[in-house]
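**Student:** Structure supplied as start_23.cif; contents: mmCIF, N, CA and C atoms.
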```
data_structure
#
loop_
_atom_site.label_atom_id
_atom_site.label_comp_id
_atom_site.auth_asym_id
_atom_site.auth_seq_id
_atom_site.Cartn_x
_atom_site.Cartn_y
_atom_site.Cartn_z
N MET A 1 -127.10 -74.43 159.38
CA MET A 1 -126.33 -73.20 159.35
C MET A 1 -127.26 -72.04 158.98
N LYS A 2 -127.20 -70.98 159.74
CA LYS A 2 -128.03 -69.81 159.50
C LYS A 2 -127.48 -69.01 158.31
N PRO A 3 -128.37 -68.61 157.40
CA PRO A 3 -127.90 -67.80 156.26
C PRO A 3 -127.30 -66.48 156.72
N TYR A 4 -126.35 -66.00 155.96
CA TYR A 4 -125.72 -64.73 156.29
C TYR A 4 -126.62 -63.55 155.98
N MET A 5 -127.38 -63.61 154.91
CA MET A 5 -128.22 -62.49 154.50
C MET A 5 -129.65 -62.97 154.26
N LYS A 6 -130.60 -62.30 154.91
CA LYS A 6 -132.01 -62.59 154.69
C LYS A 6 -132.58 -61.57 153.72
N ILE A 7 -133.07 -62.07 152.58
CA ILE A 7 -133.57 -61.20 151.52
C ILE A 7 -135.07 -61.42 151.34
N LEU A 8 -135.81 -60.32 151.32
CA LEU A 8 -137.24 -60.36 151.05
C LEU A 8 -137.48 -59.81 149.64
N VAL A 9 -138.11 -60.60 148.79
CA VAL A 9 -138.42 -60.16 147.44
C VAL A 9 -139.93 -59.97 147.32
N ALA A 10 -140.33 -58.73 147.04
CA ALA A 10 -141.74 -58.45 146.76
C ALA A 10 -141.99 -58.87 145.32
N TYR A 11 -142.93 -59.79 145.14
CA TYR A 11 -143.09 -60.42 143.83
C TYR A 11 -144.53 -60.38 143.36
N ASP A 12 -144.73 -59.91 142.13
CA ASP A 12 -146.08 -59.89 141.57
C ASP A 12 -146.13 -60.50 140.16
N GLY A 13 -145.02 -61.05 139.71
CA GLY A 13 -145.00 -61.69 138.41
C GLY A 13 -144.69 -60.76 137.25
N SER A 14 -144.54 -59.48 137.50
CA SER A 14 -144.22 -58.52 136.44
C SER A 14 -142.77 -58.73 135.98
N ALA A 15 -142.43 -58.13 134.86
CA ALA A 15 -141.06 -58.22 134.35
C ALA A 15 -140.07 -57.64 135.35
N HIS A 16 -140.43 -56.54 135.99
CA HIS A 16 -139.54 -55.93 136.98
C HIS A 16 -139.38 -56.83 138.20
N ALA A 17 -140.45 -57.50 138.60
CA ALA A 17 -140.37 -58.43 139.73
C ALA A 17 -139.50 -59.63 139.38
N ASP A 18 -139.60 -60.10 138.14
CA ASP A 18 -138.73 -61.19 137.70
C ASP A 18 -137.26 -60.77 137.76
N ASN A 19 -136.99 -59.53 137.34
CA ASN A 19 -135.62 -59.01 137.42
C ASN A 19 -135.17 -58.89 138.88
N ALA A 20 -136.08 -58.48 139.76
CA ALA A 20 -135.77 -58.38 141.18
C ALA A 20 -135.42 -59.76 141.74
N LEU A 21 -136.16 -60.77 141.34
CA LEU A 21 -135.87 -62.13 141.79
C LEU A 21 -134.50 -62.58 141.30
N SER A 22 -134.16 -62.24 140.07
CA SER A 22 -132.83 -62.58 139.54
C SER A 22 -131.73 -61.94 140.37
N GLU A 23 -131.90 -60.67 140.71
CA GLU A 23 -130.90 -59.98 141.55
C GLU A 23 -130.81 -60.64 142.92
N ALA A 24 -131.94 -61.01 143.48
CA ALA A 24 -131.95 -61.67 144.79
C ALA A 24 -131.19 -62.99 144.74
N ILE A 25 -131.42 -63.75 143.69
CA ILE A 25 -130.72 -65.03 143.54
C ILE A 25 -129.22 -64.79 143.46
N ASP A 26 -128.79 -63.81 142.67
CA ASP A 26 -127.36 -63.50 142.57
C ASP A 26 -126.76 -63.14 143.93
N LEU A 27 -127.45 -62.29 144.67
CA LEU A 27 -126.95 -61.87 145.98
C LEU A 27 -126.94 -63.04 146.97
N ALA A 28 -127.99 -63.84 146.95
CA ALA A 28 -128.05 -64.98 147.86
C ALA A 28 -126.93 -65.97 147.58
N GLU A 29 -126.60 -66.16 146.32
CA GLU A 29 -125.50 -67.06 145.97
C GLU A 29 -124.16 -66.49 146.44
N LYS A 30 -123.98 -65.20 146.29
CA LYS A 30 -122.71 -64.56 146.66
C LYS A 30 -122.51 -64.45 148.17
N PHE A 31 -123.61 -64.22 148.90
CA PHE A 31 -123.51 -63.94 150.33
C PHE A 31 -124.17 -65.00 151.21
N LYS A 32 -124.34 -66.20 150.66
CA LYS A 32 -124.94 -67.31 151.41
C LYS A 32 -126.26 -66.89 152.05
N GLY A 33 -127.10 -66.28 151.26
CA GLY A 33 -128.36 -65.77 151.77
C GLY A 33 -129.53 -66.70 151.54
N SER A 34 -130.62 -66.32 152.18
CA SER A 34 -131.89 -67.00 151.95
C SER A 34 -132.87 -65.97 151.39
N ILE A 35 -133.82 -66.45 150.61
CA ILE A 35 -134.79 -65.57 149.98
C ILE A 35 -136.20 -65.96 150.40
N THR A 36 -136.98 -64.96 150.77
CA THR A 36 -138.42 -65.15 150.95
C THR A 36 -139.10 -64.36 149.85
N VAL A 37 -139.89 -65.06 149.05
CA VAL A 37 -140.66 -64.42 147.99
C VAL A 37 -142.03 -64.11 148.57
N LEU A 38 -142.38 -62.84 148.60
CA LEU A 38 -143.65 -62.40 149.17
C LEU A 38 -144.57 -61.92 148.06
N TYR A 39 -145.70 -62.58 147.93
CA TYR A 39 -146.72 -62.20 146.95
C TYR A 39 -147.91 -61.66 147.74
N VAL A 40 -148.26 -60.41 147.49
CA VAL A 40 -149.40 -59.80 148.17
C VAL A 40 -150.56 -59.72 147.17
N ALA A 41 -151.63 -60.45 147.50
CA ALA A 41 -152.79 -60.52 146.63
C ALA A 41 -153.95 -59.73 147.23
N TRP A 42 -154.77 -59.17 146.37
CA TRP A 42 -155.96 -58.44 146.83
C TRP A 42 -157.02 -59.38 147.36
N GLU A 43 -157.04 -60.57 146.79
CA GLU A 43 -158.00 -61.58 147.22
C GLU A 43 -157.33 -62.94 147.14
N LYS A 44 -158.05 -63.97 147.51
CA LYS A 44 -157.47 -65.31 147.50
C LYS A 44 -156.80 -65.59 146.15
N PRO A 45 -155.55 -66.04 146.18
CA PRO A 45 -154.83 -66.29 144.93
C PRO A 45 -155.56 -67.29 144.03
N ASP A 46 -155.51 -67.02 142.73
CA ASP A 46 -156.14 -67.89 141.74
C ASP A 46 -155.07 -68.76 141.09
N ASP A 47 -155.46 -69.51 140.06
CA ASP A 47 -154.52 -70.40 139.39
C ASP A 47 -153.36 -69.64 138.75
N ASP A 48 -153.64 -68.45 138.20
CA ASP A 48 -152.56 -67.65 137.60
C ASP A 48 -151.53 -67.25 138.65
N SER A 49 -151.99 -66.84 139.83
CA SER A 49 -151.08 -66.46 140.91
C SER A 49 -150.24 -67.65 141.35
N ARG A 50 -150.88 -68.79 141.49
CA ARG A 50 -150.14 -69.99 141.90
C ARG A 50 -149.09 -70.36 140.86
N THR A 51 -149.43 -70.21 139.60
CA THR A 51 -148.47 -70.50 138.52
C THR A 51 -147.27 -69.57 138.61
N LEU A 52 -147.52 -68.27 138.86
CA LEU A 52 -146.41 -67.31 139.02
C LEU A 52 -145.47 -67.75 140.13
N LEU A 53 -146.05 -68.14 141.25
CA LEU A 53 -145.23 -68.53 142.40
C LEU A 53 -144.49 -69.84 142.15
N LEU A 54 -145.13 -70.77 141.49
CA LEU A 54 -144.46 -72.02 141.17
C LEU A 54 -143.29 -71.80 140.22
N ASN A 55 -143.45 -70.88 139.27
CA ASN A 55 -142.35 -70.54 138.36
C ASN A 55 -141.20 -69.90 139.13
N ALA A 56 -141.53 -69.00 140.06
CA ALA A 56 -140.49 -68.38 140.89
C ALA A 56 -139.78 -69.45 141.72
N GLU A 57 -140.55 -70.36 142.29
CA GLU A 57 -139.94 -71.41 143.11
C GLU A 57 -139.02 -72.31 142.27
N GLU A 58 -139.43 -72.59 141.06
CA GLU A 58 -138.60 -73.41 140.18
C GLU A 58 -137.25 -72.74 139.94
N ARG A 59 -137.27 -71.43 139.71
CA ARG A 59 -136.00 -70.70 139.52
C ARG A 59 -135.12 -70.78 140.77
N LEU A 60 -135.74 -70.66 141.94
CA LEU A 60 -135.00 -70.72 143.20
C LEU A 60 -134.41 -72.11 143.43
N LYS A 61 -135.19 -73.12 143.16
CA LYS A 61 -134.70 -74.50 143.32
C LYS A 61 -133.53 -74.77 142.37
N LYS A 62 -133.68 -74.31 141.14
CA LYS A 62 -132.63 -74.51 140.13
C LYS A 62 -131.33 -73.85 140.57
N ALA A 63 -131.45 -72.69 141.22
CA ALA A 63 -130.26 -71.98 141.71
C ALA A 63 -129.70 -72.60 142.98
N GLY A 64 -130.49 -73.44 143.64
CA GLY A 64 -130.02 -74.06 144.87
C GLY A 64 -130.01 -73.11 146.05
N VAL A 65 -130.86 -72.10 146.01
CA VAL A 65 -130.91 -71.08 147.06
C VAL A 65 -131.96 -71.45 148.11
N GLU A 66 -131.59 -71.33 149.36
CA GLU A 66 -132.57 -71.54 150.43
C GLU A 66 -133.68 -70.51 150.26
N HIS A 67 -134.94 -70.97 150.33
CA HIS A 67 -136.04 -70.05 150.04
C HIS A 67 -137.35 -70.47 150.70
N LYS A 68 -138.26 -69.50 150.74
CA LYS A 68 -139.63 -69.72 151.19
C LYS A 68 -140.52 -68.91 150.25
N LEU A 69 -141.73 -69.39 150.06
CA LEU A 69 -142.76 -68.63 149.35
C LEU A 69 -143.81 -68.24 150.36
N ARG A 70 -144.30 -67.03 150.22
CA ARG A 70 -145.29 -66.54 151.18
C ARG A 70 -146.34 -65.73 150.44
N VAL A 71 -147.60 -65.97 150.78
CA VAL A 71 -148.71 -65.22 150.20
C VAL A 71 -149.47 -64.53 151.32
N GLU A 72 -149.72 -63.26 151.13
CA GLU A 72 -150.52 -62.48 152.08
C GLU A 72 -151.66 -61.85 151.30
N ILE A 73 -152.81 -61.72 151.92
CA ILE A 73 -153.94 -61.07 151.28
C ILE A 73 -154.14 -59.70 151.91
N SER A 74 -154.09 -58.67 151.06
CA SER A 74 -154.24 -57.29 151.52
C SER A 74 -154.47 -56.40 150.30
N ASN A 75 -155.16 -55.31 150.52
CA ASN A 75 -155.33 -54.34 149.45
C ASN A 75 -154.28 -53.23 149.53
N TYR A 76 -153.31 -53.38 150.43
CA TYR A 76 -152.25 -52.38 150.55
C TYR A 76 -150.90 -53.08 150.72
N ALA A 77 -150.30 -53.44 149.61
CA ALA A 77 -149.06 -54.22 149.60
C ALA A 77 -147.91 -53.58 150.38
N PRO A 78 -147.69 -52.25 150.28
CA PRO A 78 -146.53 -51.68 151.00
C PRO A 78 -146.54 -51.99 152.50
N ARG A 79 -147.70 -51.93 153.12
CA ARG A 79 -147.79 -52.20 154.56
C ARG A 79 -147.35 -53.63 154.87
N ILE A 80 -147.79 -54.57 154.05
CA ILE A 80 -147.44 -55.98 154.27
C ILE A 80 -145.95 -56.20 154.05
N ILE A 81 -145.40 -55.62 153.02
CA ILE A 81 -143.97 -55.78 152.72
C ILE A 81 -143.12 -55.22 153.85
N VAL A 82 -143.43 -54.01 154.28
CA VAL A 82 -142.67 -53.35 155.34
C VAL A 82 -142.83 -54.10 156.66
N ARG A 83 -144.04 -54.49 157.00
CA ARG A 83 -144.28 -55.20 158.26
C ARG A 83 -143.54 -56.53 158.27
N THR A 84 -143.57 -57.25 157.15
CA THR A 84 -142.86 -58.52 157.07
C THR A 84 -141.36 -58.32 157.26
N ALA A 85 -140.82 -57.32 156.59
CA ALA A 85 -139.38 -57.03 156.73
C ALA A 85 -139.01 -56.69 158.17
N MET A 86 -139.87 -55.95 158.83
CA MET A 86 -139.62 -55.53 160.20
C MET A 86 -139.77 -56.71 161.17
N ASP A 87 -140.89 -57.40 161.08
CA ASP A 87 -141.19 -58.48 162.02
C ASP A 87 -140.21 -59.64 161.93
N GLU A 88 -139.67 -59.87 160.74
CA GLU A 88 -138.81 -61.03 160.55
C GLU A 88 -137.34 -60.66 160.35
N ALA A 89 -137.01 -59.41 160.62
CA ALA A 89 -135.62 -58.91 160.60
C ALA A 89 -134.87 -59.23 159.30
N PHE A 90 -135.49 -58.86 158.19
CA PHE A 90 -134.81 -59.03 156.92
C PHE A 90 -133.69 -58.01 156.79
N ASP A 91 -132.63 -58.40 156.09
CA ASP A 91 -131.49 -57.52 155.87
C ASP A 91 -131.68 -56.63 154.65
N LEU A 92 -132.51 -57.07 153.71
CA LEU A 92 -132.66 -56.37 152.45
C LEU A 92 -134.02 -56.70 151.83
N ILE A 93 -134.65 -55.67 151.27
CA ILE A 93 -135.85 -55.85 150.47
C ILE A 93 -135.47 -55.59 149.02
N ILE A 94 -135.88 -56.47 148.13
CA ILE A 94 -135.66 -56.24 146.70
C ILE A 94 -137.03 -56.19 146.05
N ILE A 95 -137.25 -55.14 145.28
CA ILE A 95 -138.56 -54.89 144.68
C ILE A 95 -138.38 -54.31 143.29
N GLY A 96 -139.30 -54.65 142.40
CA GLY A 96 -139.27 -54.07 141.07
C GLY A 96 -139.70 -52.62 141.10
N SER A 97 -139.17 -51.84 140.16
CA SER A 97 -139.51 -50.41 140.15
C SER A 97 -140.95 -50.18 139.75
N ARG A 98 -141.52 -51.07 139.01
CA ARG A 98 -142.94 -51.01 138.65
C ARG A 98 -143.48 -52.41 138.67
N GLY A 99 -144.74 -52.51 139.04
CA GLY A 99 -145.36 -53.83 139.11
C GLY A 99 -146.53 -53.95 138.18
N MET A 100 -147.44 -54.80 138.57
CA MET A 100 -148.61 -55.08 137.74
C MET A 100 -149.76 -54.12 138.01
N GLY A 101 -149.64 -53.29 139.04
CA GLY A 101 -150.74 -52.40 139.42
C GLY A 101 -151.06 -51.38 138.34
N GLY A 102 -152.31 -50.90 138.35
CA GLY A 102 -152.75 -49.92 137.36
C GLY A 102 -152.25 -48.52 137.64
N GLY A 103 -152.17 -48.14 138.92
CA GLY A 103 -151.73 -46.80 139.26
C GLY A 103 -150.23 -46.68 139.13
N LYS A 104 -149.76 -45.53 138.67
CA LYS A 104 -148.32 -45.32 138.52
C LYS A 104 -147.89 -44.09 139.32
N GLY A 105 -146.74 -44.23 139.95
CA GLY A 105 -146.16 -43.09 140.64
C GLY A 105 -145.49 -42.17 139.63
N TRP A 106 -145.01 -41.06 140.08
CA TRP A 106 -144.38 -40.09 139.19
C TRP A 106 -143.11 -40.66 138.56
N ILE A 107 -142.21 -41.19 139.38
CA ILE A 107 -140.97 -41.76 138.86
C ILE A 107 -140.95 -43.27 139.09
N LEU A 108 -141.26 -43.68 140.30
CA LEU A 108 -141.31 -45.10 140.64
C LEU A 108 -142.76 -45.52 140.77
N GLY A 109 -142.98 -46.82 140.80
CA GLY A 109 -144.32 -47.31 141.08
C GLY A 109 -144.73 -46.93 142.49
N SER A 110 -146.01 -46.86 142.73
CA SER A 110 -146.51 -46.43 144.04
C SER A 110 -146.10 -47.39 145.16
N VAL A 111 -146.09 -48.69 144.90
CA VAL A 111 -145.70 -49.66 145.93
C VAL A 111 -144.22 -49.51 146.27
N SER A 112 -143.37 -49.48 145.25
CA SER A 112 -141.94 -49.36 145.53
C SER A 112 -141.61 -48.04 146.22
N SER A 113 -142.27 -46.97 145.83
CA SER A 113 -142.05 -45.67 146.48
C SER A 113 -142.37 -45.72 147.96
N ARG A 114 -143.51 -46.29 148.29
CA ARG A 114 -143.94 -46.36 149.69
C ARG A 114 -143.02 -47.27 150.49
N VAL A 115 -142.61 -48.39 149.92
CA VAL A 115 -141.70 -49.30 150.62
C VAL A 115 -140.38 -48.60 150.92
N ILE A 116 -139.85 -47.87 149.96
CA ILE A 116 -138.60 -47.12 150.18
C ILE A 116 -138.74 -46.17 151.36
N GLU A 117 -139.85 -45.47 151.43
CA GLU A 117 -140.09 -44.49 152.50
C GLU A 117 -140.19 -45.13 153.88
N GLU A 118 -140.76 -46.32 153.97
CA GLU A 118 -141.10 -46.89 155.27
C GLU A 118 -140.25 -48.09 155.69
N ALA A 119 -139.41 -48.60 154.84
CA ALA A 119 -138.67 -49.84 155.12
C ALA A 119 -137.72 -49.70 156.30
N PRO A 120 -137.60 -50.77 157.09
CA PRO A 120 -136.69 -50.77 158.23
C PRO A 120 -135.27 -51.20 157.85
N CYS A 121 -135.05 -51.47 156.56
CA CYS A 121 -133.76 -51.97 156.10
C CYS A 121 -133.52 -51.42 154.69
N PRO A 122 -132.34 -51.64 154.14
CA PRO A 122 -132.09 -51.17 152.77
C PRO A 122 -133.05 -51.80 151.77
N VAL A 123 -133.33 -51.04 150.71
CA VAL A 123 -134.21 -51.48 149.63
C VAL A 123 -133.46 -51.36 148.32
N LEU A 124 -133.45 -52.44 147.56
CA LEU A 124 -132.87 -52.43 146.23
C LEU A 124 -134.02 -52.43 145.24
N VAL A 125 -134.10 -51.37 144.43
CA VAL A 125 -135.15 -51.25 143.43
C VAL A 125 -134.56 -51.63 142.09
N VAL A 126 -135.24 -52.57 141.41
CA VAL A 126 -134.72 -53.14 140.17
C VAL A 126 -135.64 -52.82 139.01
N LYS A 127 -135.03 -52.44 137.87
CA LYS A 127 -135.80 -52.19 136.65
C LYS A 127 -135.95 -53.47 135.85
#
```
Now that the file is in, can you turn its structure into structure tokens?
**Tutor:**
Amino acid sequence: MKPYMKILVAYDGSAHADNALSEAIDLAEKFKGSITVLYVAWEKPDDDSRTLLLNAEERLKKAGVEHKLRVEISNYAPRIIVRTAMDEAFDLIIIGSRGMGGGKGWILGSVSSRVIEEAPCPVLVVK
């Protein structure tokens, strides 16, 4: 059976990303959705990155939500998030308002700001 709602979660292991994953799980449970957790790394993921993703996967398995984990390597996360949402026809992107990056936007984080501007679908920004 095809899920009713396809949700893309931009995930970097930050507290805001963890909250975004929680919101995604709630929505997926309510609307029979599936979740793809997208981790965009600057370079090949290390043990810490793998641990973050395994912890996210454990939460998804515990919730019984259909899910996939995906890692992309890029120095510009917004492009990867937007392209993934577009290419794979996601219904919703969920992203934390701030992530692990050093640079900060004026009100929102720079990644979440750019994703909001360019996304092909609705974006839920979570604190």
**Student:** As an exercise, work out the distance from atom C of Leu53 (chain A) to CA of Val71 (chain A) in Å and give it to one decimal place.
**Tutor:**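 Between these atoms lies a distance of 10.2 Å.
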**Student:** Which residues are close to Glu43 (chain A), i.e. within 8 Å by all atoms listed in the file, leaving aside same-chain residues fewer than 5 positions away? Reply as a PyMOL selection string.
**Tutor:** chain A and resi 72-75
**Student:** Show me, as JSON, the centre and edge lengths in Å to one decimal of the axis-aligned box that covers every listed atom of region 44-47 of chain A with 4 Å on each side.
**Tutor:**
```
{"center_x": -155.7, "center_y": -67.2, "center_z": 143.1, "size_x": 12.7, "size_y": 14.4, "size_z": 16.8}
```
**Student:** Provide the atom C of Leu60 (chain A) to atom C of Pro45 (chain A) distance in Å, to one decimal place.
**Tutor:**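 Separating atom C of Leu60 (chain A) from atom C of Pro45 (chain A) is a distance of 21.7 Å.
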**Student:** Could you list, as a VMD selection string, every residue within 12 Å of region 12-20 of chain A, counting only C-alpha atoms and ignoring same-chain residues fewer than 4 positions away?
**Tutor:** chain A and resid 7 to 8 24 to 27 35 37 to 42 45 48 to 57 59 to 60 70 to 72 77 92 to 101 108 to 109 111 to 112 123 to 127
**Student:** Given the selection you just returned, output its residues as a file containing N, CA and C atoms, formatted as a short mmCIF file (atom, residue, chain, number, x, y, z; two decimals), in the frame of the given file.
**Tutor:**
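Produced file out-v9.cif, reproduced below:
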```
data_model
loop_
_atom_site.label_atom_id
_atom_site.label_comp_id
_atom_site.auth_asym_id
_atom_site.auth_seq_id
_atom_site.Cartn_x
_atom_site.Cartn_y
_atom_site.Cartn_z
N ILE A 7 -133.07 -62.07 152.58
CA ILE A 7 -133.57 -61.20 151.52
C ILE A 7 -135.07 -61.42 151.34
N LEU A 8 -135.81 -60.32 151.32
CA LEU A 8 -137.24 -60.36 151.05
C LEU A 8 -137.48 -59.81 149.64
N ALA A 24 -131.94 -61.01 143.48
CA ALA A 24 -131.95 -61.67 144.79
C ALA A 24 -131.19 -62.99 144.74
N ILE A 25 -131.42 -63.75 143.69
CA ILE A 25 -130.72 -65.03 143.54
C ILE A 25 -129.22 -64.79 143.46
N ASP A 26 -128.79 -63.81 142.67
CA ASP A 26 -127.36 -63.50 142.57
C ASP A 26 -126.76 -63.14 143.93
N LEU A 27 -127.45 -62.29 144.67
CA LEU A 27 -126.95 -61.87 145.98
C LEU A 27 -126.94 -63.04 146.97
N ILE A 35 -133.82 -66.45 150.61
CA ILE A 35 -134.79 -65.57 149.98
C ILE A 35 -136.20 -65.96 150.40
N VAL A 37 -139.89 -65.06 149.05
CA VAL A 37 -140.66 -64.42 147.99
C VAL A 37 -142.03 -64.11 148.57
N LEU A 38 -142.38 -62.84 148.60
CA LEU A 38 -143.65 -62.40 149.17
C LEU A 38 -144.57 -61.92 148.06
N TYR A 39 -145.70 -62.58 147.93
CA TYR A 39 -146.72 -62.20 146.95
C TYR A 39 -147.91 -61.66 147.74
N VAL A 40 -148.26 -60.41 147.49
CA VAL A 40 -149.40 -59.80 148.17
C VAL A 40 -150.56 -59.72 147.17
N ALA A 41 -151.63 -60.45 147.50
CA ALA A 41 -152.79 -60.52 146.63
C ALA A 41 -153.95 -59.73 147.23
N TRP A 42 -154.77 -59.17 146.37
CA TRP A 42 -155.96 -58.44 146.83
C TRP A 42 -157.02 -59.38 147.36
N PRO A 45 -155.55 -66.04 146.18
CA PRO A 45 -154.83 -66.29 144.93
C PRO A 45 -155.56 -67.29 144.03
N ASP A 48 -153.64 -68.45 138.20
CA ASP A 48 -152.56 -67.65 137.60
C ASP A 48 -151.53 -67.25 138.65
N SER A 49 -151.99 -66.84 139.83
CA SER A 49 -151.08 -66.46 140.91
C SER A 49 -150.24 -67.65 141.35
N ARG A 50 -150.88 -68.79 141.49
CA ARG A 50 -150.14 -69.99 141.90
C ARG A 50 -149.09 -70.36 140.86
N THR A 51 -149.43 -70.21 139.60
CA THR A 51 -148.47 -70.50 138.52
C THR A 51 -147.27 -69.57 138.61
N LEU A 52 -147.52 -68.27 138.86
CA LEU A 52 -146.41 -67.31 139.02
C LEU A 52 -145.47 -67.75 140.13
N LEU A 53 -146.05 -68.14 141.25
CA LEU A 53 -145.23 -68.53 142.40
C LEU A 53 -144.49 -69.84 142.15
N LEU A 54 -145.13 -70.77 141.49
CA LEU A 54 -144.46 -72.02 141.17
C LEU A 54 -143.29 -71.80 140.22
N ASN A 55 -143.45 -70.88 139.27
CA ASN A 55 -142.35 -70.54 138.36
C ASN A 55 -141.20 -69.90 139.13
N ALA A 56 -141.53 -69.00 140.06
CA ALA A 56 -140.49 -68.38 140.89
C ALA A 56 -139.78 -69.45 141.72
N GLU A 57 -140.55 -70.36 142.29
CA GLU A 57 -139.94 -71.41 143.11
C GLU A 57 -139.02 -72.31 142.27
N ARG A 59 -137.27 -71.43 139.71
CA ARG A 59 -136.00 -70.70 139.52
C ARG A 59 -135.12 -70.78 140.77
N LEU A 60 -135.74 -70.66 141.94
CA LEU A 60 -135.00 -70.72 143.20
C LEU A 60 -134.41 -72.11 143.43
N ARG A 70 -144.30 -67.03 150.22
CA ARG A 70 -145.29 -66.54 151.18
C ARG A 70 -146.34 -65.73 150.44
N VAL A 71 -147.60 -65.97 150.78
CA VAL A 71 -148.71 -65.22 150.20
C VAL A 71 -149.47 -64.53 151.32
N GLU A 72 -149.72 -63.26 151.13
CA GLU A 72 -150.52 -62.48 152.08
C GLU A 72 -151.66 -61.85 151.30
N ALA A 77 -150.30 -53.44 149.61
CA ALA A 77 -149.06 -54.22 149.60
C ALA A 77 -147.91 -53.58 150.38
N LEU A 92 -132.51 -57.07 153.71
CA LEU A 92 -132.66 -56.37 152.45
C LEU A 92 -134.02 -56.70 151.83
N ILE A 93 -134.65 -55.67 151.27
CA ILE A 93 -135.85 -55.85 150.47
C ILE A 93 -135.47 -55.59 149.02
N ILE A 94 -135.88 -56.47 148.13
CA ILE A 94 -135.66 -56.24 146.70
C ILE A 94 -137.03 -56.19 146.05
N ILE A 95 -137.25 -55.14 145.28
CA ILE A 95 -138.56 -54.89 144.68
C ILE A 95 -138.38 -54.31 143.29
N GLY A 96 -139.30 -54.65 142.40
CA GLY A 96 -139.27 -54.07 141.07
C GLY A 96 -139.70 -52.62 141.10
N SER A 97 -139.17 -51.84 140.16
CA SER A 97 -139.51 -50.41 140.15
C SER A 97 -140.95 -50.18 139.75
N ARG A 98 -141.52 -51.07 139.01
CA ARG A 98 -142.94 -51.01 138.65
C ARG A 98 -143.48 -52.41 138.67
N GLY A 99 -144.74 -52.51 139.04
CA GLY A 99 -145.36 -53.83 139.11
C GLY A 99 -146.53 -53.95 138.18
N MET A 100 -147.44 -54.80 138.57
CA MET A 100 -148.61 -55.08 137.74
C MET A 100 -149.76 -54.12 138.01
N GLY A 101 -149.64 -53.29 139.04
CA GLY A 101 -150.74 -52.40 139.42
C GLY A 101 -151.06 -51.38 138.34
N LEU A 108 -141.26 -43.68 140.30
CA LEU A 108 -141.31 -45.10 140.64
C LEU A 108 -142.76 -45.52 140.77
N GLY A 109 -142.98 -46.82 140.80
CA GLY A 109 -144.32 -47.31 141.08
C GLY A 109 -144.73 -46.93 142.49
N VAL A 111 -146.09 -48.69 144.90
CA VAL A 111 -145.70 -49.66 145.93
C VAL A 111 -144.22 -49.51 146.27
N SER A 112 -143.37 -49.48 145.25
CA SER A 112 -141.94 -49.36 145.53
C SER A 112 -141.61 -48.04 146.22
N VAL A 123 -133.33 -51.04 150.71
CA VAL A 123 -134.21 -51.48 149.63
C VAL A 123 -133.46 -51.36 148.32
N LEU A 124 -133.45 -52.44 147.56
CA LEU A 124 -132.87 -52.43 146.23
C LEU A 124 -134.02 -52.43 145.24
N VAL A 125 -134.10 -51.37 144.43
CA VAL A 125 -135.15 -51.25 143.43
C VAL A 125 -134.56 -51.63 142.09
N VAL A 126 -135.24 -52.57 141.41
CA VAL A 126 -134.72 -53.14 140.17
C VAL A 126 -135.64 -52.82 139.01
N LYS A 127 -135.03 -52.44 137.87
CA LYS A 127 -135.80 -52.19 136.65
C LYS A 127 -135.95 -53.47 135.85
#
```
**Student:** Determine which residues of region 17-83 of chain A receive a DSSP assignment of strand (DSSP E or B), computed from the backbone, and state them as a PyMOL selection string.
**Tutor:** chain A and resi 34-41+66-73
**Student:** In chain A, what's alpha helix (DSSP H) per DSSP? Answer as a PyMOL selection string?
**Tutor:** chain A and resi 15-31+47-63+77-87+110-118
**Student:** Kindly indicate which residue among A:Ile116, A:Met5, A:Ile80, A:Ala63 lies nearest to Phe31 (chain A), using all atoms listed in the file for the distances.
**Tutor:**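 Going through A:Ile116, A:Met5, A:Ile80, A:Ala63 one by one, the smallest distance to Phe31 (chain A) is for A:Met5.
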**Student:** Go through A:Asp91, A:Glu58, A:Lys44, A:Val115 one by one, measure the shortest atom-to-atom distance of each to Tyr76 (chain A) using only C-alpha atoms, and give the residue with the smallest value.
**Tutor:**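 The closest residue to Tyr76 (chain A) is A:Val115.
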**Student:** Using all atoms listed in the file, which residue out of A:Ser110, A:Ala28, A:Val65, A:Pro120 lies closest to Ala85 (chain A)?
**Tutor:**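 Between A:Ser110, A:Ala28, A:Val65, A:Pro120, the residue approaching Ala85 (chain A) most closely is A:Pro120.
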**Student:** Grab the CA of Glu118 (chain A) to atom N of Ala10 (chain A) distance for me, in Å with one decimal place.
**Tutor:**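 Here the two named atoms are 14.4 Å from each other.
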**Student:** May I ask which of the residues A:Ala119, A:Gly33, A:Leu21, A:Lys6 is the closest one to Ile81 (chain A), counting only N, CA and C atoms?
**Tutor:**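 Going through A:Ala119, A:Gly33, A:Leu21, A:Lys6 one by one, the smallest distance to Ile81 (chain A) is for A:Ala119.
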**Student:** Compare A:Tyr11, A:Lys32, A:Tyr4, A:Arg114 by their minimum atom-to-atom distance to Arg79 (chain A), counting only N, CA and C atoms, and give me the closest one.
**Tutor:**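 Of A:Tyr11, A:Lys32, A:Tyr4, A:Arg114, the one nearest Arg79 (chain A) is A:Arg114, counting only N, CA and C atoms.
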